[in-house]
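To be precise, the following lines are work-v3.pdb, and they hold PDB, C-alpha atoms (C1' of nucleotides).
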```pdb
ATOM      1  CA  MET A   1       3.526   4.241 -31.738
ATOM      2  CA  THR A   2       2.092   4.969 -28.416
ATOM      3  CA  ARG A   3       4.432   5.161 -25.500
ATOM      4  CA  VAL A   4       3.596   4.089 -21.966
ATOM      5  CA  LEU A   5       4.727   6.500 -19.265
ATOM      6  CA  LYS A   6       7.386   4.737 -17.236
ATOM      7  CA  ARG A   7       8.500   4.887 -13.659
ATOM      8  CA  SER A   8      10.864   7.799 -14.283
ATOM      9  CA  PHE A   9       7.917  10.002 -15.259
ATOM     10  CA  TYR A  10       6.372   9.494 -11.843
ATOM     11  CA  GLU A  11       9.607   9.621  -9.857
ATOM     12  CA  ARG A  12       9.576  13.435  -9.809
ATOM     13  CA  ASP A  13       8.028  16.382  -8.004
ATOM     14  CA  THR A  14       4.395  15.474  -7.333
ATOM     15  CA  VAL A  15       2.902  18.826  -8.298
ATOM     16  CA  THR A  16       4.803  18.704 -11.589
ATOM     17  CA  VAL A  17       3.547  15.199 -12.297
ATOM     18  CA  ALA A  18      -0.019  16.202 -11.441
ATOM     19  CA  ARG A  19       0.173  19.075 -13.919
ATOM     20  CA  GLU A  20       1.877  17.041 -16.639
ATOM     21  CA  LEU A  21      -0.600  14.178 -16.429
ATOM     22  CA  LEU A  22      -3.219  16.470 -17.944
ATOM     23  CA  GLY A  23      -3.790  15.536 -21.572
ATOM     24  CA  ARG A  24      -2.085  12.147 -21.229
ATOM     25  CA  THR A  25      -4.216   9.076 -21.788
ATOM     26  CA  LEU A  26      -5.437   6.841 -18.992
ATOM     27  CA  CYS A  27      -5.901   3.322 -20.347
ATOM     28  CA  ARG A  28      -7.695   0.291 -18.980
ATOM     29  CA  ARG A  29      -7.790  -3.162 -20.545
ATOM     30  CA  LEU A  30     -10.913  -4.989 -19.424
ATOM     31  CA  ASP A  31     -11.060  -8.729 -18.869
ATOM     32  CA  SER A  32     -12.862  -8.969 -22.215
ATOM     33  CA  GLY A  33      -9.810  -7.507 -23.924
ATOM     34  CA  LYS A  34     -11.534  -4.254 -24.758
ATOM     35  CA  ILE A  35      -9.362  -1.231 -24.061
ATOM     36  CA  LEU A  36     -10.872   1.976 -22.682
ATOM     37  CA  ARG A  37      -8.892   5.178 -23.204
ATOM     38  CA  ALA A  38      -9.569   8.646 -21.856
ATOM     39  CA  ARG A  39      -7.453  11.745 -21.653
ATOM     40  CA  ILE A  40      -6.838  12.984 -18.133
ATOM     41  CA  ALA A  41      -8.564  16.306 -17.510
ATOM     42  CA  GLU A  42      -8.371  16.898 -13.755
ATOM     43  CA  THR A  43      -5.809  15.926 -11.095
ATOM     44  CA  GLU A  44      -4.770  16.717  -7.552
ATOM     45  CA  ALA A  45      -1.363  16.413  -5.863
ATOM     46  CA  TYR A  46      -0.945  14.946  -2.379
ATOM     47  CA  ASP A  47       2.647  15.353  -1.348
ATOM     48  CA  GLY A  48       4.900  14.466   1.511
ATOM     49  CA  PHE A  49       4.754  14.114   5.265
ATOM     50  CA  GLU A  50       3.615  17.652   6.003
ATOM     51  CA  ASP A  51       0.595  17.833   3.703
ATOM     52  CA  ARG A  52      -2.270  17.524   6.151
ATOM     53  CA  ALA A  53      -4.744  16.824   3.351
ATOM     54  CA  SER A  54      -2.825  13.665   2.497
ATOM     55  CA  HIS A  55      -3.527  10.255   3.948
ATOM     56  CA  ALA A  56       0.201  10.017   4.618
ATOM     57  CA  HIS A  57       0.602  12.945   6.962
ATOM     58  CA  LYS A  58       0.371  10.792  10.086
ATOM     59  CA  GLY A  59       2.785   8.170   8.846
ATOM     60  CA  VAL A  60       2.499   4.702   7.349
ATOM     61  CA  THR A  61      -0.770   2.799   7.803
ATOM     62  CA  VAL A  62      -2.261  -0.303   6.217
ATOM     63  CA  ARG A  63      -4.239   1.828   3.812
ATOM     64  CA  ASN A  64      -1.657   4.390   2.734
ATOM     65  CA  LYS A  65       1.501   2.255   2.578
ATOM     66  CA  VAL A  66       1.391   2.309  -1.209
ATOM     67  CA  MET A  67       2.033   6.041  -1.101
ATOM     68  CA  PHE A  68       5.367   5.337   0.595
ATOM     69  CA  GLY A  69       6.397   2.758  -1.971
ATOM     70  CA  ALA A  70       7.614   2.776  -5.548
ATOM     71  CA  PRO A  71       6.475   5.490  -7.978
ATOM     72  CA  GLY A  72       4.300   4.656 -10.968
ATOM     73  CA  ARG A  73       1.857   2.441  -9.103
ATOM     74  CA  SER A  74      -1.847   2.756  -8.464
ATOM     75  CA  TYR A  75      -3.166   3.636  -5.032
ATOM     76  CA  VAL A  76      -6.851   2.755  -4.895
ATOM     77  CA  TYR A  77      -8.946   3.221  -1.780
ATOM     78  CA  LEU A  78     -12.602   3.264  -0.820
ATOM     79  CA  CYS A  79     -14.005   6.703  -0.074
ATOM     80  CA  TYR A  80     -17.136   7.240   2.034
ATOM     81  CA  GLY A  81     -17.701   3.502   1.893
ATOM     82  CA  VAL A  82     -19.063   3.987  -1.598
ATOM     83  CA  HIS A  83     -16.533   5.087  -4.209
ATOM     84  CA  TRP A  84     -13.155   3.790  -5.308
ATOM     85  CA  LEU A  85     -10.661   6.594  -5.844
ATOM     86  CA  LEU A  86      -7.650   6.201  -8.134
ATOM     87  CA  ASN A  87      -4.256   7.733  -7.392
ATOM     88  CA  LEU A  88      -0.902   7.309  -9.161
ATOM     89  CA  THR A  89       2.108   7.231  -6.855
ATOM     90  CA  THR A  90       4.998   9.626  -7.299
ATOM     91  CA  ARG A  91       8.443  10.349  -5.808
ATOM     92  CA  GLU A  92      11.081   7.933  -4.615
ATOM     93  CA  VAL A  93      10.560   5.002  -2.264
ATOM     94  CA  GLY A  94      10.114   6.236   1.293
ATOM     95  CA  TYR A  95       8.567   9.578   0.324
ATOM     96  CA  PRO A  96       4.743   9.464   0.511
ATOM     97  CA  ALA A  97       3.081  11.098  -2.481
ATOM     98  CA  ALA A  98       0.455  10.481  -5.128
ATOM     99  CA  VAL A  99      -1.728  12.173  -7.712
ATOM    100  CA  LEU A 100      -5.480  11.733  -7.499
ATOM    101  CA  ILE A 101      -7.143  11.357 -10.881
ATOM    102  CA  ARG A 102     -10.315  13.416 -10.514
ATOM    103  CA  GLY A 103     -11.571  13.382 -14.058
ATOM    104  CA  VAL A 104     -11.029  12.379 -17.651
ATOM    105  CA  GLU A 105     -12.625  13.676 -20.807
ATOM    106  CA  GLY A 106     -16.283  12.831 -20.645
ATOM    107  CA  VAL A 107     -16.246  11.642 -17.048
ATOM    108  CA  THR A 108     -16.058  14.173 -14.228
ATOM    109  CA  GLY A 109     -15.511  13.061 -10.648
ATOM    110  CA  PRO A 110     -13.016  10.641  -9.073
ATOM    111  CA  GLY A 111     -15.684   8.138  -8.058
ATOM    112  CA  ARG A 112     -17.478   8.202 -11.392
ATOM    113  CA  LEU A 113     -14.176   7.797 -13.185
ATOM    114  CA  THR A 114     -13.280   4.524 -11.471
ATOM    115  CA  LYS A 115     -16.761   3.188 -12.022
ATOM    116  CA  HIS A 116     -16.490   3.978 -15.715
ATOM    117  CA  LEU A 117     -13.063   2.375 -16.052
ATOM    118  CA  GLN A 118     -13.958  -0.523 -13.761
ATOM    119  CA  VAL A 119     -11.129   0.163 -11.355
ATOM    120  CA  ASP A 120     -11.431  -1.092  -7.794
ATOM    121  CA  LYS A 121      -9.282  -2.449  -4.964
ATOM    122  CA  ARG A 122      -7.881  -5.169  -7.205
ATOM    123  CA  PHE A 123      -5.721  -2.475  -8.758
ATOM    124  CA  ASN A 124      -4.248  -1.198  -5.532
ATOM    125  CA  GLU A 125      -0.451  -1.243  -5.589
ATOM    126  CA  LEU A 126      -0.177  -2.486  -9.165
ATOM    127  CA  PRO A 127       2.491  -0.995 -11.440
ATOM    128  CA  LEU A 128       1.020   1.131 -14.220
ATOM    129  CA  THR A 129       1.786  -1.210 -17.103
ATOM    130  CA  ARG A 130      -0.128  -2.827 -19.952
ATOM    131  CA  VAL A 131       0.263  -6.170 -18.229
ATOM    132  CA  ALA A 132      -1.489  -4.875 -15.130
ATOM    133  CA  GLY A 133      -4.386  -3.647 -17.251
ATOM    134  CA  LEU A 134      -4.088  -0.017 -16.183
ATOM    135  CA  TRP A 135      -1.543   2.427 -17.560
ATOM    136  CA  VAL A 136      -0.981   5.929 -18.909
ATOM    137  CA  GLU A 137       0.181   6.757 -22.422
ATOM    138  CA  GLU A 138       2.103   9.730 -23.736
ATOM    139  CA  ALA A 139       0.039  12.417 -25.467
ATOM    140  CA  GLU A 140       0.494  13.645 -29.002
ATOM    141  CA  VAL A 141      -0.298  17.120 -27.785
ATOM    142  CA  VAL A 142      -0.176  18.239 -24.179
ATOM    143  CA  PRO A 143      -1.977  21.328 -22.841
ATOM    144  CA  ASP A 144      -0.166  24.662 -22.899
ATOM    145  CA  ALA A 145       0.370  26.356 -19.560
ATOM    146  CA  ASP A 146      -2.413  28.835 -20.286
ATOM    147  CA  GLU A 147      -4.845  25.957 -20.794
ATOM    148  CA  ILE A 148      -4.309  24.729 -17.242
ATOM    149  CA  SER A 149      -5.949  26.226 -14.183
ATOM    150  CA  ALA A 150      -4.708  25.595 -10.639
ATOM    151  CA  THR A 151      -7.130  25.746  -7.715
ATOM    152  CA  PRO A 152      -7.329  24.499  -4.140
ATOM    153  CA  ARG A 153      -8.082  20.806  -3.765
ATOM    154  CA  VAL A 154     -11.636  19.620  -3.292
ATOM    155  CA  GLY A 155     -13.044  18.296  -0.039
ATOM    156  CA  VAL A 156     -10.010  18.856   2.158
ATOM    157  CA  ASP A 157     -11.184  21.607   4.491
ATOM    158  CA  TYR A 158     -10.216  19.374   7.404
ATOM    159  CA  ALA A 159      -6.565  19.906   6.476
ATOM    160  CA  GLY A 160      -6.391  23.400   7.946
ATOM    161  CA  GLU A 161      -6.108  26.741   6.257
ATOM    162  CA  ARG A 162      -2.646  26.398   4.800
ATOM    163  CA  TRP A 163      -2.984  22.972   3.232
ATOM    164  CA  ALA A 164      -6.600  23.395   2.171
ATOM    165  CA  ALA A 165      -5.597  26.511   0.260
ATOM    166  CA  MET A 166      -2.641  24.940  -1.558
ATOM    167  CA  PRO A 167      -3.356  25.261  -5.324
ATOM    168  CA  TRP A 168      -2.660  21.643  -6.111
ATOM    169  CA  ARG A 169      -5.732  20.845  -8.173
ATOM    170  CA  PHE A 170      -5.156  21.080 -11.900
ATOM    171  CA  VAL A 171      -7.833  21.299 -14.556
ATOM    172  CA  TRP A 172      -7.301  21.182 -18.290
ATOM    173  CA  LYS A 173      -9.597  24.011 -19.354
ATOM    174  CA  ALA A 174      -9.486  23.165 -23.046
ATOM    175  CA  SER A 175     -10.633  19.607 -22.535
ATOM    176  CA  GLN A 176     -14.039  19.143 -24.015
ATOM    177  CA  GLY A 177     -16.650  16.929 -22.556
ATOM    178  CA  LEU A 178     -16.171  17.748 -18.898
ATOM    179  CA  HIS A 179     -19.779  16.946 -18.370
ATOM    180  CA  ARG A 180     -21.927  14.657 -16.330
TER     181      ARG A 180
ATOM    182  C1'  DT B   1     -13.599  -4.723  20.294
ATOM    183  C1'  DG B   2     -15.846  -0.572  19.247
ATOM    184  C1'  DC B   3     -16.748   3.824  17.162
ATOM    185  C1'  DG B   4     -16.518   7.963  14.187
ATOM    186  C1'  DC B   5     -15.270   9.507   9.910
ATOM    187  C1'  DG B   6     -14.280  10.472   5.126
ATOM    188  C1'  DA B   7      -9.587  13.112  -1.348
ATOM    189  C1'  DT B   8     -18.057  11.441  -3.154
ATOM    190  C1'  DT B   9     -22.238  11.155  -5.617
ATOM    191  C1'  DC B  10     -27.014  10.922  -6.185
ATOM    192  C1'  DT B  11     -31.736  11.982  -4.921
ATOM    193  C1'  DC B  12     -35.172  14.707  -2.672
TER     194       DC B  12
ATOM    195  C1'  DA C   1     -29.966  19.126   2.646
ATOM    196  C1'  DG C   2     -29.378  14.080   3.546
ATOM    197  C1'  DA C   3     -28.623   9.382   2.637
ATOM    198  C1'  DA C   4     -25.784   5.618   1.156
ATOM    199  C1'  DT C   5     -22.157   2.488   3.119
ATOM    200  C1'  DC C   6     -17.785   0.390   5.060
ATOM    201  C1'  DG C   7     -12.678  -0.010   5.640
ATOM    202  C1'  DC C   8      -9.591   2.285   8.225
ATOM    203  C1'  DG C   9      -7.405   4.542  12.235
ATOM    204  C1'  DC C  10      -7.193   5.235  16.737
ATOM    205  C1'  DA C  11      -8.982   4.892  21.328
ATOM    206  C1'  DT C  12     -10.541   1.559  24.668
TER     207       DT C  12
END
```

How does the structure come out when it is put into structure tokens?
Amino acid sequence: MTRVLKRSFYERDTVTVARELLGRTLCRRLDSGKILRARIAETEAYDGFEDRASHAHKGVTVRNKVMFGAPGRSYVYLCYGVHWLLNLTTREVGYPAAVLIRGVEGVTGPGRLTKHLQVDKRFNELPLTRVAGLWVEEAEVVPDADEISATPRVGVDYAGERWAAMPWRFVWKASQGLHR
DNA sequence: TGCGCGATTCTC
DNA sequence: AGAATCGCGCAT
């Protein structure tokens, strides 16, 4: 039987969680009852107070407060006034961190992904459970280390040399269907 | 109360 | 290369 990743999975080192989410299945139950499932193929870690690429680096705000809260919740925000971006919170309460889901099998791009799964601000701050309609399931097979590539994060040049260069983007190379 | 800007994507 | 499009964050 499928197993839903629980809070303890997320209440760990953010970079580790970002890497280990690859291959796991992102699930969304629509209002119609239909369930969409897609294996996670691309993630990025945003971790702590010092990470200048993270929304949290200047402290708590209305937008980013979810990052400071409980692990295993969704952090959804509007990017460029156009796209909803989905993050999963990590680490203990009080420590700001989250993993951005950048792509799943068949759907590349954080904005395209939320459109496909019909995720928007209604999901902000919800726990990742079946009841909430958005959750992640354990994988039968997870990628081997040599199937994962780590690169700098996308679109964070504003963060300065050190943080922009941090290899916190993870891509599952073996995943098929990373297409537009 | 106002203003500038993005963890993007699509079209030209 | 440029537009779309708007909530947020910070200054005023």

* the PyMOL selection byres ((chain C and resi 2) around 10) resolved against shown file, as a VMD selection string -> (chain B and resid 11 to 12) or (chain C and resid 1 3 to 4)

Dump C-alpha atoms (C1' of nucleotides) for the selected residues as a short mmCIF file (atom, residue, chain, number, x, y, z; two decimals), in the frame of the given file?
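again.cif was written with the following content:
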```
data_model
loop_
_atom_site.label_atom_id
_atom_site.label_comp_id
_atom_site.auth_asym_id
_atom_site.auth_seq_id
_atom_site.Cartn_x
_atom_site.Cartn_y
_atom_site.Cartn_z
"C1'" DT B 11 -31.74 11.98 -4.92
"C1'" DC B 12 -35.17 14.71 -2.67
"C1'" DA C 1 -29.97 19.13 2.65
"C1'" DA C 3 -28.62 9.38 2.64
"C1'" DA C 4 -25.78 5.62 1.16
#
```

Report task. Just say which residues the PyMOL selection byres ((chain B) within 12 of (chain A)) picks in this file, as a PyMOL selection string. Result -> chain B and resi 5-10

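Pairwise distance (atom CA of A:Ala139, atom CA of A:Gly94) equals 29.3 Å.
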
### Task
Using all atoms listed in the file, select each residue of chain C with any atom at most 10 Å away from an atom of chain A, and give the selection as a ChimeraX atom specification.
/C:4-9

Restricting it to C-alpha atoms (C1' of nucleotides), dump the selection as a PDB file, in the frame of the given file.
```
ATOM      1  C1'  DA C   4     -25.784   5.618   1.156  1.00  0.00           C
ATOM      2  C1'  DT C   5     -22.157   2.488   3.119  1.00  0.00           C
ATOM      3  C1'  DC C   6     -17.785   0.390   5.060  1.00  0.00           C
ATOM      4  C1'  DG C   7     -12.678  -0.010   5.640  1.00  0.00           C
ATOM      5  C1'  DC C   8      -9.591   2.285   8.225  1.00  0.00           C
ATOM      6  C1'  DG C   9      -7.405   4.542  12.235  1.00  0.00           C
TER       7       DG C   9
END
```

What is the distance, in Å and to one decimal place, between atom CA of A:Asp157 and atom CA of A:Pro96?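 Atom-to-atom, atom CA of A:Asp157 and atom CA of A:Pro96 are spaced 20.4 Å apart.
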
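Here, the PyMOL selection byres ((chain C and resi 12) around 9) matches B:DT1, B:DG2, C:DA11.
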
For stretch 170-175 of chain A, list every protein, DNA or RNA residue within 9 Å, evaluated using all atoms listed in the file, and leave out those in the same chain fewer than 6 positions away; present the list as a JSON list (two decimals) with C-alpha atoms, in the coordinates of the input.
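Result written to out_4.json:
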```
[["chain", "number", "residue", "atom", "x", "y", "z"],
["A", 18, "ALA", "CA", -0.02, 16.20, -11.44],
["A", 19, "ARG", "CA", 0.17, 19.08, -13.92],
["A", 22, "LEU", "CA", -3.22, 16.47, -17.94],
["A", 23, "GLY", "CA", -3.79, 15.54, -21.57],
["A", 39, "ARG", "CA", -7.45, 11.74, -21.65],
["A", 40, "ILE", "CA", -6.84, 12.98, -18.13],
["A", 41, "ALA", "CA", -8.56, 16.31, -17.51],
["A", 42, "GLU", "CA", -8.37, 16.90, -13.76],
["A", 43, "THR", "CA", -5.81, 15.93, -11.10],
["A", 44, "GLU", "CA", -4.77, 16.72, -7.55],
["A", 45, "ALA", "CA", -1.36, 16.41, -5.86],
["A", 103, "GLY", "CA", -11.57, 13.38, -14.06],
["A", 104, "VAL", "CA", -11.03, 12.38, -17.65],
["A", 105, "GLU", "CA", -12.62, 13.68, -20.81],
["A", 143, "PRO", "CA", -1.98, 21.33, -22.84],
["A", 146, "ASP", "CA", -2.41, 28.84, -20.29],
["A", 147, "GLU", "CA", -4.84, 25.96, -20.79],
["A", 148, "ILE", "CA", -4.31, 24.73, -17.24],
["A", 149, "SER", "CA", -5.95, 26.23, -14.18],
["A", 150, "ALA", "CA", -4.71, 25.60, -10.64],
["A", 151, "THR", "CA", -7.13, 25.75, -7.72],
["A", 152, "PRO", "CA", -7.33, 24.50, -4.14],
["A", 153, "ARG", "CA", -8.08, 20.81, -3.76]]
```

**OP:** Work out how far atom CA of A:Val76 is from atom CA of A:Ala98, in Å to one decimal.
**Re:**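 Those two atoms sit 10.6 Å apart.
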
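Residues in contact with A:Glu20 at up to 8 Å, not including ones fewer than 4 positions away on its chain and judged by only C-alpha atoms (C1' of nucleotides), are A:Thr16, A:Arg24, A:Val142.
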
Top pick for closest residue to A:Leu88, considering A:Val60, A:Ala145, A:Leu5, A:Leu30 and counting all atoms listed in the file =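 Going through A:Val60, A:Ala145, A:Leu5, A:Leu30 one by one, the smallest distance to A:Leu88 is for A:Leu5.
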
From (-5.1, -5.1, -16.5), in the file's coordinates, out to 7 Å: which residues are reached, counting only C-alpha atoms (C1' of nucleotides)? Answer as a PyMOL selection string. chain A and resi 28-30+130-134

Axis-aligned box for chain C, 8 Å per side, centre and edges in Å as JSON:
```
{"center_x": -18.6, "center_y": 9.6, "center_z": 12.9, "size_x": 38.8, "size_y": 35.1, "size_z": 39.5}
```
